[in-house]
>>> print(open('target-v6.cif').read())   # mmCIF, C-alpha atoms
data_model
loop_
_atom_site.label_atom_id
_atom_site.label_comp_id
_atom_site.auth_asym_id
_atom_site.auth_seq_id
_atom_site.Cartn_x
_atom_site.Cartn_y
_atom_site.Cartn_z
CA MET A 72 -57.34 -11.59 14.77
CA SER A 73 -55.36 -14.50 13.39
CA HIS A 74 -57.15 -17.68 12.35
CA LYS A 75 -53.96 -19.77 12.16
CA LYS A 76 -54.15 -23.13 13.90
CA LYS A 77 -52.05 -23.21 17.02
CA THR A 78 -49.64 -26.09 17.55
CA PRO A 79 -51.16 -28.30 20.25
CA LEU A 80 -49.04 -28.58 23.37
CA SER A 81 -48.86 -32.25 24.11
CA CYS A 82 -46.20 -34.60 25.38
CA ASP A 83 -47.45 -37.25 22.98
CA TRP A 84 -47.14 -35.17 19.87
CA LYS A 85 -43.75 -36.27 18.58
CA LYS A 86 -43.03 -34.46 15.33
CA PRO A 87 -42.10 -30.94 16.50
CA THR A 88 -40.01 -32.37 19.32
CA SER A 89 -38.04 -34.56 16.95
CA ARG A 90 -37.65 -31.66 14.50
CA ALA A 91 -36.43 -29.38 17.28
CA HIS A 92 -34.08 -32.14 18.36
CA SER A 93 -32.62 -32.57 14.90
CA LYS A 94 -32.17 -28.79 14.58
CA LYS A 95 -30.31 -28.80 17.88
CA LYS A 96 -28.10 -31.63 16.64
CA VAL A 97 -26.93 -29.50 13.70
CA LEU A 98 -25.83 -26.81 16.09
CA THR A 99 -24.08 -29.09 18.56
CA LYS A 100 -21.98 -31.10 16.11
CA ASN A 101 -19.11 -30.12 13.87
CA LYS A 102 -20.70 -31.12 10.59
CA SER A 103 -19.21 -30.47 7.16
CA ARG A 104 -20.81 -27.42 5.60
CA ILE A 105 -20.28 -24.71 3.04
CA TYR A 106 -20.42 -20.97 3.45
CA ARG A 107 -21.11 -19.61 0.00
CA TYR A 108 -19.75 -16.22 -0.91
CA LYS A 109 -22.72 -14.05 -1.79
CA GLY A 110 -20.63 -11.09 -3.03
CA GLU A 111 -20.30 -7.71 -1.32
CA SER A 112 -18.24 -9.25 1.53
CA LEU A 113 -21.03 -11.50 2.78
CA TRP A 114 -21.14 -15.26 3.23
CA GLN A 115 -24.28 -17.38 3.54
CA GLY A 116 -24.81 -18.74 7.05
CA THR A 117 -22.64 -16.21 8.86
CA LYS A 118 -23.48 -12.99 10.64
CA LEU A 119 -21.93 -9.56 10.65
CA GLU A 120 -20.43 -8.82 14.07
CA LYS A 121 -19.32 -5.73 15.86
CA TYR A 122 -15.55 -5.44 15.67
CA LYS A 123 -15.09 -4.35 19.31
CA PRO A 124 -17.05 -2.29 21.81
CA ALA A 125 -17.10 1.22 20.35
CA SER A 126 -14.19 3.39 21.38
CA GLN A 127 -11.69 5.74 19.82
CA ASP A 128 -9.19 2.91 19.28
CA TRP A 129 -10.65 1.86 15.97
CA ALA A 130 -12.96 3.17 13.28
CA HIS A 131 -15.21 1.68 10.61
CA VAL A 132 -14.45 -2.04 10.92
CA ILE A 133 -16.83 -4.97 10.42
CA ARG A 134 -16.06 -8.60 11.16
CA GLN A 135 -17.46 -12.05 10.44
CA THR A 136 -16.32 -15.27 12.10
CA LEU A 137 -16.31 -17.80 9.29
CA ILE A 138 -14.82 -20.75 11.16
CA GLY A 139 -14.73 -20.98 14.96
CA LYS A 140 -18.23 -20.33 16.22
CA ARG A 141 -20.17 -23.34 14.95
CA LYS A 142 -18.71 -26.22 16.96
CA GLU A 143 -15.63 -26.73 14.81
CA THR A 144 -12.77 -28.24 16.80
CA THR A 145 -9.98 -26.69 14.71
CA LYS A 146 -7.04 -25.20 16.61
CA PHE A 147 -7.60 -22.02 14.58
CA HIS A 148 -10.32 -19.54 13.76
CA LEU A 149 -10.92 -17.89 10.39
CA ARG A 150 -12.40 -14.41 10.39
CA TYR A 151 -13.12 -11.81 7.72
CA PHE A 152 -12.60 -8.14 8.49
CA GLU A 153 -13.38 -5.15 6.38
CA ILE A 154 -12.14 -1.64 6.98
CA ALA A 155 -14.16 1.14 5.40
CA PRO A 156 -12.28 3.86 3.47
CA HIS A 157 -10.12 5.89 5.87
CA GLY A 158 -10.82 3.51 8.76
CA TYR A 159 -8.36 1.51 10.87
CA THR A 160 -8.17 -1.28 13.46
CA SER A 161 -6.94 -0.71 17.00
CA PHE A 162 -3.19 -0.39 17.54
CA GLU A 163 -2.51 -3.44 19.68
CA VAL A 164 -0.11 -6.11 20.85
CA HIS A 165 -0.53 -9.76 21.90
CA LYS A 166 1.39 -13.01 22.13
CA HIS A 167 -0.56 -14.79 19.40
CA GLU A 168 0.36 -14.59 15.74
CA HIS A 169 -1.77 -13.30 12.88
CA VAL A 170 -1.95 -14.54 9.33
CA VAL A 171 -3.63 -11.94 7.11
CA ILE A 172 -4.75 -12.61 3.52
CA GLY A 173 -5.79 -9.65 1.36
CA VAL A 174 -9.19 -10.23 -0.24
CA ARG A 175 -10.74 -6.94 -1.32
CA GLY A 176 -9.19 -3.55 -2.13
CA LYS A 177 -5.87 -2.70 -0.53
CA GLY A 178 -4.54 -1.44 2.77
CA LEU A 179 -1.55 -0.92 5.00
CA CYS A 180 -0.29 -2.79 8.02
CA ILE A 181 2.06 -1.29 10.55
CA VAL A 182 4.06 -3.98 12.35
CA GLY A 183 6.59 -2.66 14.83
CA LYS A 184 8.69 -0.16 12.86
CA LYS A 185 7.75 -1.66 9.48
CA LYS A 186 4.91 -0.75 7.14
CA PHE A 187 3.56 -3.32 4.68
CA SER A 188 1.19 -2.57 1.83
CA LEU A 189 -1.33 -5.35 1.32
CA GLY A 190 -3.24 -6.16 -1.86
CA SER A 191 -5.43 -9.01 -3.04
CA LEU A 192 -4.02 -12.46 -2.10
CA ASP A 193 -0.91 -10.99 -0.44
CA ILE A 194 -0.20 -12.91 2.76
CA LEU A 195 1.18 -11.22 5.85
CA TYR A 196 2.55 -13.12 8.84
CA ILE A 197 2.66 -11.05 12.04
CA GLU A 198 5.06 -12.43 14.65
CA PRO A 199 4.19 -12.75 18.37
CA ASN A 200 4.40 -9.59 20.51
CA ALA A 201 4.63 -7.17 17.57
CA PRO A 202 2.60 -3.97 18.01
CA HIS A 203 0.43 -3.72 14.88
CA GLN A 204 -2.40 -1.87 13.22
CA LEU A 205 -4.24 -2.23 9.91
CA LYS A 206 -5.31 0.87 8.04
CA ASN A 207 -7.28 1.76 4.96
CA PRO A 208 -6.15 5.16 3.70
CA PHE A 209 -7.80 4.48 0.31
CA ASP A 210 -11.26 5.18 -1.13
CA GLU A 211 -12.41 1.56 -1.52
CA PRO A 212 -13.20 -0.95 1.26
CA PHE A 213 -10.22 -3.06 2.40
CA GLY A 214 -11.23 -6.65 3.21
CA PHE A 215 -9.01 -9.45 4.50
CA PHE A 216 -9.10 -12.87 6.11
CA CYS A 217 -7.34 -13.13 9.45
CA ILE A 218 -6.41 -16.55 10.84
CA VAL A 219 -5.52 -16.91 14.53
CA ASN A 220 -5.04 -19.71 17.04
CA ALA A 221 -8.34 -20.72 18.66
CA LYS A 222 -6.76 -20.36 22.11
CA ARG A 223 -5.17 -16.95 22.30
CA ASP A 224 -4.37 -14.14 24.68
CA LYS A 225 -6.37 -10.93 24.88
CA PRO A 226 -4.92 -7.99 22.89
CA LYS A 227 -3.55 -5.01 24.79
CA ILE A 228 -4.59 -1.71 23.26
CA LEU A 229 -1.64 0.64 22.75
CA HIS A 230 -1.63 4.41 22.61
CA ARG A 231 0.83 6.24 20.41
CA GLU A 232 3.17 8.62 22.20
CA MET B 176 39.60 -22.04 -15.29
CA SER B 177 38.10 -19.45 -12.97
CA HIS B 178 40.08 -16.37 -11.91
CA LYS B 179 37.68 -15.42 -9.09
CA LYS B 180 39.35 -14.63 -5.79
CA LYS B 181 38.72 -17.33 -3.25
CA THR B 182 37.46 -16.38 0.20
CA PRO B 183 40.38 -16.94 2.60
CA LEU B 184 39.70 -19.56 5.20
CA SER B 185 40.67 -17.98 8.50
CA CYS B 186 39.27 -18.05 12.00
CA ASP B 187 40.16 -14.36 12.35
CA TRP B 188 38.27 -13.19 9.34
CA LYS B 189 35.02 -12.05 10.95
CA LYS B 190 32.77 -10.62 8.25
CA PRO B 191 31.55 -13.70 6.39
CA THR B 192 31.01 -15.53 9.66
CA SER B 193 28.87 -12.71 11.00
CA ARG B 194 26.95 -12.49 7.69
CA ALA B 195 26.33 -16.22 7.69
CA HIS B 196 25.18 -15.95 11.27
CA SER B 197 22.69 -13.19 10.51
CA LYS B 198 21.33 -15.18 7.56
CA LYS B 199 20.84 -18.13 9.85
CA LYS B 200 19.01 -15.93 12.34
CA VAL B 201 16.40 -15.00 9.71
CA LEU B 202 15.65 -18.65 9.14
CA THR B 203 15.53 -19.65 12.79
CA LYS B 204 13.13 -16.98 14.05
CA ASN B 205 9.47 -16.41 13.37
CA LYS B 206 9.77 -12.88 11.98
CA SER B 207 6.91 -10.88 10.50
CA ARG B 208 7.03 -11.07 6.73
CA ILE B 209 4.93 -10.70 3.63
CA TYR B 210 4.41 -13.16 0.81
CA ARG B 211 3.31 -11.06 -2.14
CA TYR B 212 1.00 -12.58 -4.68
CA LYS B 213 2.81 -12.51 -8.00
CA GLY B 214 -0.19 -13.67 -10.03
CA GLU B 215 -0.54 -17.04 -11.79
CA SER B 216 -0.90 -18.84 -8.43
CA LEU B 217 2.59 -17.94 -7.22
CA TRP B 218 3.70 -16.10 -4.08
CA GLN B 219 7.09 -14.46 -3.54
CA GLY B 220 9.27 -16.32 -1.05
CA THR B 221 7.52 -19.68 -1.34
CA LYS B 222 8.28 -22.75 -3.39
CA LEU B 223 6.17 -25.06 -5.47
CA GLU B 224 6.07 -28.50 -3.87
CA LYS B 225 5.14 -31.96 -5.02
CA TYR B 226 1.65 -32.81 -3.83
CA LYS B 227 2.47 -36.40 -2.81
CA PRO B 228 4.77 -39.12 -4.08
CA ALA B 229 3.47 -39.99 -7.54
CA SER B 230 0.83 -42.69 -7.62
CA GLN B 231 -2.54 -43.34 -9.16
CA ASP B 232 -4.37 -41.84 -6.17
CA TRP B 233 -4.18 -38.28 -7.46
CA ALA B 234 -3.52 -36.40 -10.67
CA HIS B 235 -2.26 -32.94 -11.64
CA VAL B 236 -2.01 -31.23 -8.25
CA ILE B 237 0.53 -28.62 -7.14
CA ARG B 238 0.95 -27.30 -3.60
CA GLN B 239 2.65 -24.43 -1.79
CA THR B 240 3.01 -24.14 1.96
CA LEU B 241 2.43 -20.46 2.67
CA ILE B 242 2.49 -20.57 6.46
CA GLY B 243 4.00 -23.44 8.44
CA LYS B 244 7.49 -24.07 7.08
CA ARG B 245 9.35 -20.91 8.08
CA LYS B 246 9.50 -21.16 11.88
CA GLU B 247 6.00 -19.83 12.54
CA THR B 248 4.59 -21.16 15.82
CA THR B 249 0.94 -21.01 14.76
CA LYS B 250 -1.23 -23.99 15.64
CA PHE B 251 -2.26 -24.10 11.98
CA HIS B 252 -0.71 -24.29 8.53
CA LEU B 253 -1.90 -22.45 5.43
CA ARG B 254 -1.35 -24.14 2.09
CA TYR B 255 -2.37 -23.38 -1.49
CA PHE B 256 -3.32 -26.20 -3.81
CA GLU B 257 -4.14 -26.09 -7.47
CA ILE B 258 -5.74 -28.86 -9.44
CA ALA B 259 -5.21 -28.77 -13.21
CA PRO B 260 -8.24 -29.23 -15.49
CA HIS B 261 -9.64 -32.76 -15.08
CA GLY B 262 -7.31 -33.51 -12.14
CA TYR B 263 -8.21 -34.57 -8.60
CA THR B 264 -6.72 -35.05 -5.13
CA SER B 265 -6.51 -38.43 -3.45
CA PHE B 266 -9.69 -39.85 -1.93
CA GLU B 267 -8.75 -39.94 1.74
CA VAL B 268 -9.84 -39.83 5.36
CA HIS B 269 -8.23 -38.47 8.56
CA LYS B 270 -9.13 -37.20 12.00
CA HIS B 271 -8.13 -33.60 11.36
CA GLU B 272 -10.48 -31.04 9.88
CA HIS B 273 -10.02 -29.05 6.66
CA VAL B 274 -11.02 -25.50 5.92
CA VAL B 275 -11.01 -24.88 2.17
CA ILE B 276 -11.32 -21.43 0.58
CA GLY B 277 -11.92 -21.20 -3.17
CA VAL B 278 -9.41 -18.86 -4.84
CA ARG B 279 -9.20 -19.57 -8.56
CA GLY B 280 -11.65 -21.22 -10.97
CA LYS B 281 -14.13 -23.68 -9.56
CA GLY B 282 -14.24 -27.30 -8.47
CA LEU B 283 -16.11 -30.01 -6.66
CA CYS B 284 -15.59 -31.59 -3.27
CA ILE B 285 -16.99 -34.96 -2.33
CA VAL B 286 -17.44 -35.27 1.44
CA GLY B 287 -18.98 -38.55 2.57
CA LYS B 288 -22.19 -38.86 0.55
CA LYS B 289 -22.39 -35.15 -0.23
CA LYS B 290 -21.02 -33.21 -3.18
CA PHE B 291 -20.24 -29.50 -2.84
CA SER B 292 -19.45 -27.16 -5.70
CA LEU B 293 -16.82 -24.61 -4.77
CA GLY B 294 -16.25 -21.22 -6.38
CA SER B 295 -14.15 -18.17 -5.57
CA LEU B 296 -14.27 -17.26 -1.85
CA ASP B 297 -16.68 -20.08 -0.97
CA ILE B 298 -15.60 -21.65 2.31
CA LEU B 299 -15.94 -25.36 2.97
CA TYR B 300 -15.54 -26.91 6.41
CA ILE B 301 -14.77 -30.66 6.30
CA GLU B 302 -15.55 -32.45 9.56
CA PRO B 303 -13.20 -35.00 11.18
CA ASN B 304 -13.20 -38.55 9.77
CA ALA B 305 -15.13 -37.67 6.61
CA PRO B 306 -13.86 -39.42 3.46
CA HIS B 307 -13.26 -36.63 0.94
CA GLN B 308 -11.81 -35.77 -2.43
CA LEU B 309 -11.44 -32.55 -4.43
CA LYS B 310 -11.93 -32.62 -8.16
CA ASN B 311 -11.63 -30.29 -11.08
CA PRO B 312 -13.88 -31.49 -13.89
CA PHE B 313 -13.63 -28.08 -15.59
CA ASP B 314 -11.32 -26.60 -18.23
CA GLU B 315 -9.66 -23.93 -16.02
CA PRO B 316 -7.27 -24.52 -13.06
CA PHE B 317 -9.00 -24.85 -9.68
CA GLY B 318 -6.99 -23.20 -6.87
CA PHE B 319 -7.83 -23.09 -3.18
CA PHE B 320 -6.35 -22.37 0.23
CA CYS B 321 -6.51 -25.23 2.70
CA ILE B 322 -6.02 -24.56 6.41
CA VAL B 323 -5.24 -27.46 8.76
CA ASN B 324 -4.04 -27.93 12.33
CA ALA B 325 -0.24 -27.90 12.53
CA LYS B 326 -0.32 -31.19 14.49
CA ARG B 327 -2.40 -33.63 12.51
CA ASP B 328 -2.75 -37.30 11.75
CA LYS B 329 -1.59 -38.87 8.49
CA PRO B 330 -4.32 -39.31 5.84
CA LYS B 331 -5.41 -42.82 4.92
CA ILE B 332 -5.83 -43.29 1.18
CA LEU B 333 -9.16 -44.88 0.31
CA HIS B 334 -10.06 -46.95 -2.72
CA ARG B 335 -13.53 -46.83 -4.17
CA GLU B 336 -15.38 -50.13 -4.27
#
>>> encode(input="target-v6.cif", output="structure tokens")
Amino acid sequence: MSHKKKTPLSCDWKKPTSRAHSKKKVLTKNKSRIYRYKGESLWQGTKLEKYKPASQDWAHVIRQTLIGKRKETTKFHLRYFEIAPHGYTSFEVHKHEHVVIGVRGKGLCIVGKKKFSLGSLDILYIEPNAPHQLKNPFDEPFGFFCIVNAKRDKPKILHRE
Amino acid sequence: MSHKKKTPLSCDWKKPTSRAHSKKKVLTKNKSRIYRYKGESLWQGTKLEKYKPASQDWAHVIRQTLIGKRKETTKFHLRYFEIAPHGYTSFEVHKHEHVVIGVRGKGLCIVGKKKFSLGSLDILYIEPNAPHQLKNPFDEPFGFFCIVNAKRDKPKILHRE
């Protein structure tokens, strides 16, 4: 049995209410803050997310939303994706553009009929309505930032003929 | 005196006209393309720019616009800045937000009354209307990406009291 004191429930007891209030304020305002890189593709204050509902359209991808989920009012979102060795993203098309910045390892990007190799700090601009897919045929993880407009259309998944 | 053959000026001579036209097309459309990192803070296909008209508000800063000057229709621009050892950007304020990603070396960012240190891959979000300045008090160059909304207000230069 625990002997910890329980917090009294009282309308007059101000401190926890004010603390809770100030915590809420942090989450409802777009305050300046830093997301420190902890190494191993992780940033402080962000969470790993599922890339998409599991299907056969993609394999071995993790994602983190770095800017766009914590009340920022930017017209863009910044995400980090990482494709495990021999993994790939879905083959898809949409109206919105992508800006991809290589961060870790190397990979390939198919855009229409072109194939681009992508290494650290290489920057790839993907035009609107171009079918595209990112792949990691190598033995090391392939990590990259991807910047997109905050307001964007839903990708259509494509199937190769 | 040059003995090079001169291109005949003729309305009937199609080839140069068509070539010039296709060159123009590349520049007037937002085509997928890659900007390869050449090392030493340079990307293929981009140009070094002046940071701002010379004044005493800043010192030793170079900039490159990576996304935003070549017909992209993204709602954001991606730039790379580099501050030489002991240099700094102007102390300024504006409505638009900044997202800063550390790339090379390390530096400091003053945002309102806070001071953030910034290293490789650290991500700093600067809220709207926060007076801010980036500094490099160290002996190595400090390079960083800075993402901003494409449509943004003009910074106001501040002077410390």
>>> resolve_selection(input="target-v6.cif", expression="the PyMOL selection byres ((chain A) within 7 of (chain B))", output="ChimeraX atom specification")
/A:101-108,145-147,168,192-198,220
>>> write_last_selection(input="target-v6.cif", atoms="C-alpha atoms", output="mmCIF file, in the coordinates of the input")
data_model
loop_
_atom_site.group_PDB
_atom_site.id
_atom_site.type_symbol
_atom_site.label_atom_id
_atom_site.label_comp_id
_atom_site.auth_asym_id
_atom_site.auth_seq_id
_atom_site.Cartn_x
_atom_site.Cartn_y
_atom_site.Cartn_z
ATOM 1 C CA ASN A 101 -19.110 -30.120 13.870
ATOM 2 C CA LYS A 102 -20.700 -31.120 10.590
ATOM 3 C CA SER A 103 -19.210 -30.470 7.160
ATOM 4 C CA ARG A 104 -20.810 -27.420 5.600
ATOM 5 C CA ILE A 105 -20.280 -24.710 3.040
ATOM 6 C CA TYR A 106 -20.420 -20.970 3.450
ATOM 7 C CA ARG A 107 -21.110 -19.610 0.000
ATOM 8 C CA TYR A 108 -19.750 -16.220 -0.910
ATOM 9 C CA THR A 145 -9.980 -26.690 14.710
ATOM 10 C CA LYS A 146 -7.040 -25.200 16.610
ATOM 11 C CA PHE A 147 -7.600 -22.020 14.580
ATOM 12 C CA GLU A 168 0.360 -14.590 15.740
ATOM 13 C CA LEU A 192 -4.020 -12.460 -2.100
ATOM 14 C CA ASP A 193 -0.910 -10.990 -0.440
ATOM 15 C CA ILE A 194 -0.200 -12.910 2.760
ATOM 16 C CA LEU A 195 1.180 -11.220 5.850
ATOM 17 C CA TYR A 196 2.550 -13.120 8.840
ATOM 18 C CA ILE A 197 2.660 -11.050 12.040
ATOM 19 C CA GLU A 198 5.060 -12.430 14.650
ATOM 20 C CA ASN A 220 -5.040 -19.710 17.040
#
>>> atom_distance(input="target-v6.cif", atom1="CA of Thr221 in chain B", atom2="CA of Arg279 in chain B")
18.2 Å
>>> residues_around(input="target-v6.cif", residues="Val236 in chain B", least_positions_apart="2", cutoff="7 Å", atoms="all atoms listed in the file", output="list in words")
Tyr226, Ala234, Arg238, Phe256, Glu257, Ile258, Ala259, Gly262 and Thr264 of chain B
>>> closest_residue(input="target-v6.cif", among="B:Val268, B:Leu309, B:Lys290, B:Ile285", to="His334 in chain B", atoms="all atoms listed in the file")
B:Val268
>>> atom_distance(input="target-v6.cif", atom1="CA of Gly176 in chain A", atom2="CA of Gln239 in chain B")
24.0 Å
>>> residues_near_point(input="target-v6.cif", point="(-10.5, -12.8, 6.7)", cutoff="6 Å", atoms="all atoms listed in the file", output="CSV table (one decimal) with C-alpha atoms, keeping the file's coordinate frame")
chain,number,residue,atom,x,y,z
A,150,ARG,CA,-12.4,-14.4,10.4
A,151,TYR,CA,-13.1,-11.8,7.7
A,152,PHE,CA,-12.6,-8.1,8.5
A,215,PHE,CA,-9.0,-9.4,4.5
A,216,PHE,CA,-9.1,-12.9,6.1
A,217,CYS,CA,-7.3,-13.1,9.4
>>> decode(input="target-v6.cif", residues="range 208-218 of chain B", atoms="all heavy atoms", output="short mmCIF file (atom, residue, chain, number, x, y, z; two decimals), in the first residue's frame")
data_model
loop_
_atom_site.label_atom_id
_atom_site.label_comp_id
_atom_site.auth_asym_id
_atom_site.auth_seq_id
_atom_site.Cartn_x
_atom_site.Cartn_y
_atom_site.Cartn_z
N ARG B 208 14.54 18.96 -59.72
CA ARG B 208 15.99 19.01 -59.93
C ARG B 208 16.74 18.82 -58.62
O ARG B 208 16.16 18.94 -57.55
CB ARG B 208 16.42 20.31 -60.63
CG ARG B 208 16.03 21.59 -59.98
CD ARG B 208 16.46 22.76 -60.85
NE ARG B 208 15.48 23.07 -61.87
CZ ARG B 208 14.66 24.13 -61.81
NH1 ARG B 208 14.71 24.95 -60.80
NH2 ARG B 208 13.78 24.38 -62.76
N ILE B 209 18.02 18.49 -58.78
CA ILE B 209 18.83 18.23 -57.58
C ILE B 209 19.94 19.25 -57.48
O ILE B 209 20.51 19.67 -58.49
CB ILE B 209 19.38 16.78 -57.59
CG1 ILE B 209 19.92 16.42 -56.20
CG2 ILE B 209 20.42 16.55 -58.68
CD1 ILE B 209 19.92 14.94 -55.89
N TYR B 210 20.19 19.70 -56.26
CA TYR B 210 21.31 20.59 -55.97
C TYR B 210 22.30 19.78 -55.15
O TYR B 210 22.09 19.59 -53.95
CB TYR B 210 20.83 21.83 -55.22
CG TYR B 210 19.75 22.56 -55.99
CD1 TYR B 210 18.41 22.42 -55.65
CD2 TYR B 210 20.08 23.33 -57.11
CE1 TYR B 210 17.41 23.06 -56.39
CE2 TYR B 210 19.10 23.97 -57.85
CZ TYR B 210 17.77 23.83 -57.49
OH TYR B 210 16.80 24.45 -58.22
N ARG B 211 23.34 19.30 -55.80
CA ARG B 211 24.29 18.43 -55.09
C ARG B 211 25.20 19.25 -54.20
O ARG B 211 25.68 20.31 -54.57
CB ARG B 211 25.16 17.66 -56.09
CG ARG B 211 24.40 16.55 -56.70
CD ARG B 211 25.21 15.41 -57.23
NE ARG B 211 24.25 14.56 -57.91
CZ ARG B 211 23.43 13.71 -57.29
NH1 ARG B 211 23.49 13.56 -55.97
NH2 ARG B 211 22.56 13.01 -57.96
N TYR B 212 25.44 18.70 -53.02
CA TYR B 212 26.35 19.35 -52.09
C TYR B 212 27.78 19.08 -52.54
O TYR B 212 28.19 17.92 -52.67
CB TYR B 212 26.13 18.83 -50.67
CG TYR B 212 26.98 19.54 -49.66
CD1 TYR B 212 26.85 20.92 -49.47
CD2 TYR B 212 27.93 18.86 -48.91
CE1 TYR B 212 27.63 21.59 -48.55
CE2 TYR B 212 28.72 19.53 -47.98
CZ TYR B 212 28.56 20.89 -47.80
OH TYR B 212 29.35 21.56 -46.90
N LYS B 213 28.51 20.15 -52.82
CA LYS B 213 29.87 20.01 -53.34
C LYS B 213 30.92 20.02 -52.22
O LYS B 213 32.11 19.92 -52.49
CB LYS B 213 30.18 21.17 -54.30
CG LYS B 213 29.30 21.18 -55.53
CD LYS B 213 29.84 22.10 -56.61
CE LYS B 213 29.67 23.57 -56.27
NZ LYS B 213 30.21 24.47 -57.30
N GLY B 214 30.45 20.18 -50.97
CA GLY B 214 31.39 20.35 -49.86
C GLY B 214 31.71 21.82 -49.69
O GLY B 214 31.36 22.65 -50.54
N GLU B 215 32.33 22.17 -48.59
CA GLU B 215 32.74 23.56 -48.32
C GLU B 215 31.58 24.54 -48.45
O GLU B 215 31.74 25.63 -49.00
CB GLU B 215 33.91 23.98 -49.23
CG GLU B 215 35.20 23.22 -48.97
CD GLU B 215 35.77 23.47 -47.57
OE1 GLU B 215 35.73 24.62 -47.11
OE2 GLU B 215 36.21 22.49 -46.93
N SER B 216 30.39 24.09 -48.02
CA SER B 216 29.20 24.97 -47.96
C SER B 216 28.75 25.47 -49.33
O SER B 216 28.20 26.57 -49.43
CB SER B 216 29.46 26.18 -47.05
OG SER B 216 30.05 25.78 -45.86
N LEU B 217 28.97 24.67 -50.36
CA LEU B 217 28.53 25.07 -51.70
C LEU B 217 27.66 23.98 -52.32
O LEU B 217 27.95 22.79 -52.17
CB LEU B 217 29.75 25.33 -52.60
CG LEU B 217 30.60 26.54 -52.22
CD1 LEU B 217 31.91 26.54 -52.99
CD2 LEU B 217 29.84 27.85 -52.46
N TRP B 218 26.62 24.40 -53.02
CA TRP B 218 25.75 23.47 -53.74
C TRP B 218 25.83 23.76 -55.23
O TRP B 218 25.86 24.94 -55.63
CB TRP B 218 24.30 23.63 -53.26
CG TRP B 218 24.03 22.96 -51.97
CD1 TRP B 218 23.47 21.72 -51.79
CD2 TRP B 218 24.28 23.46 -50.65
NE1 TRP B 218 23.38 21.43 -50.45
CE2 TRP B 218 23.86 22.47 -49.72
CE3 TRP B 218 24.83 24.64 -50.14
CZ2 TRP B 218 23.96 22.63 -48.34
CZ3 TRP B 218 24.95 24.80 -48.76
CH2 TRP B 218 24.51 23.80 -47.89
#
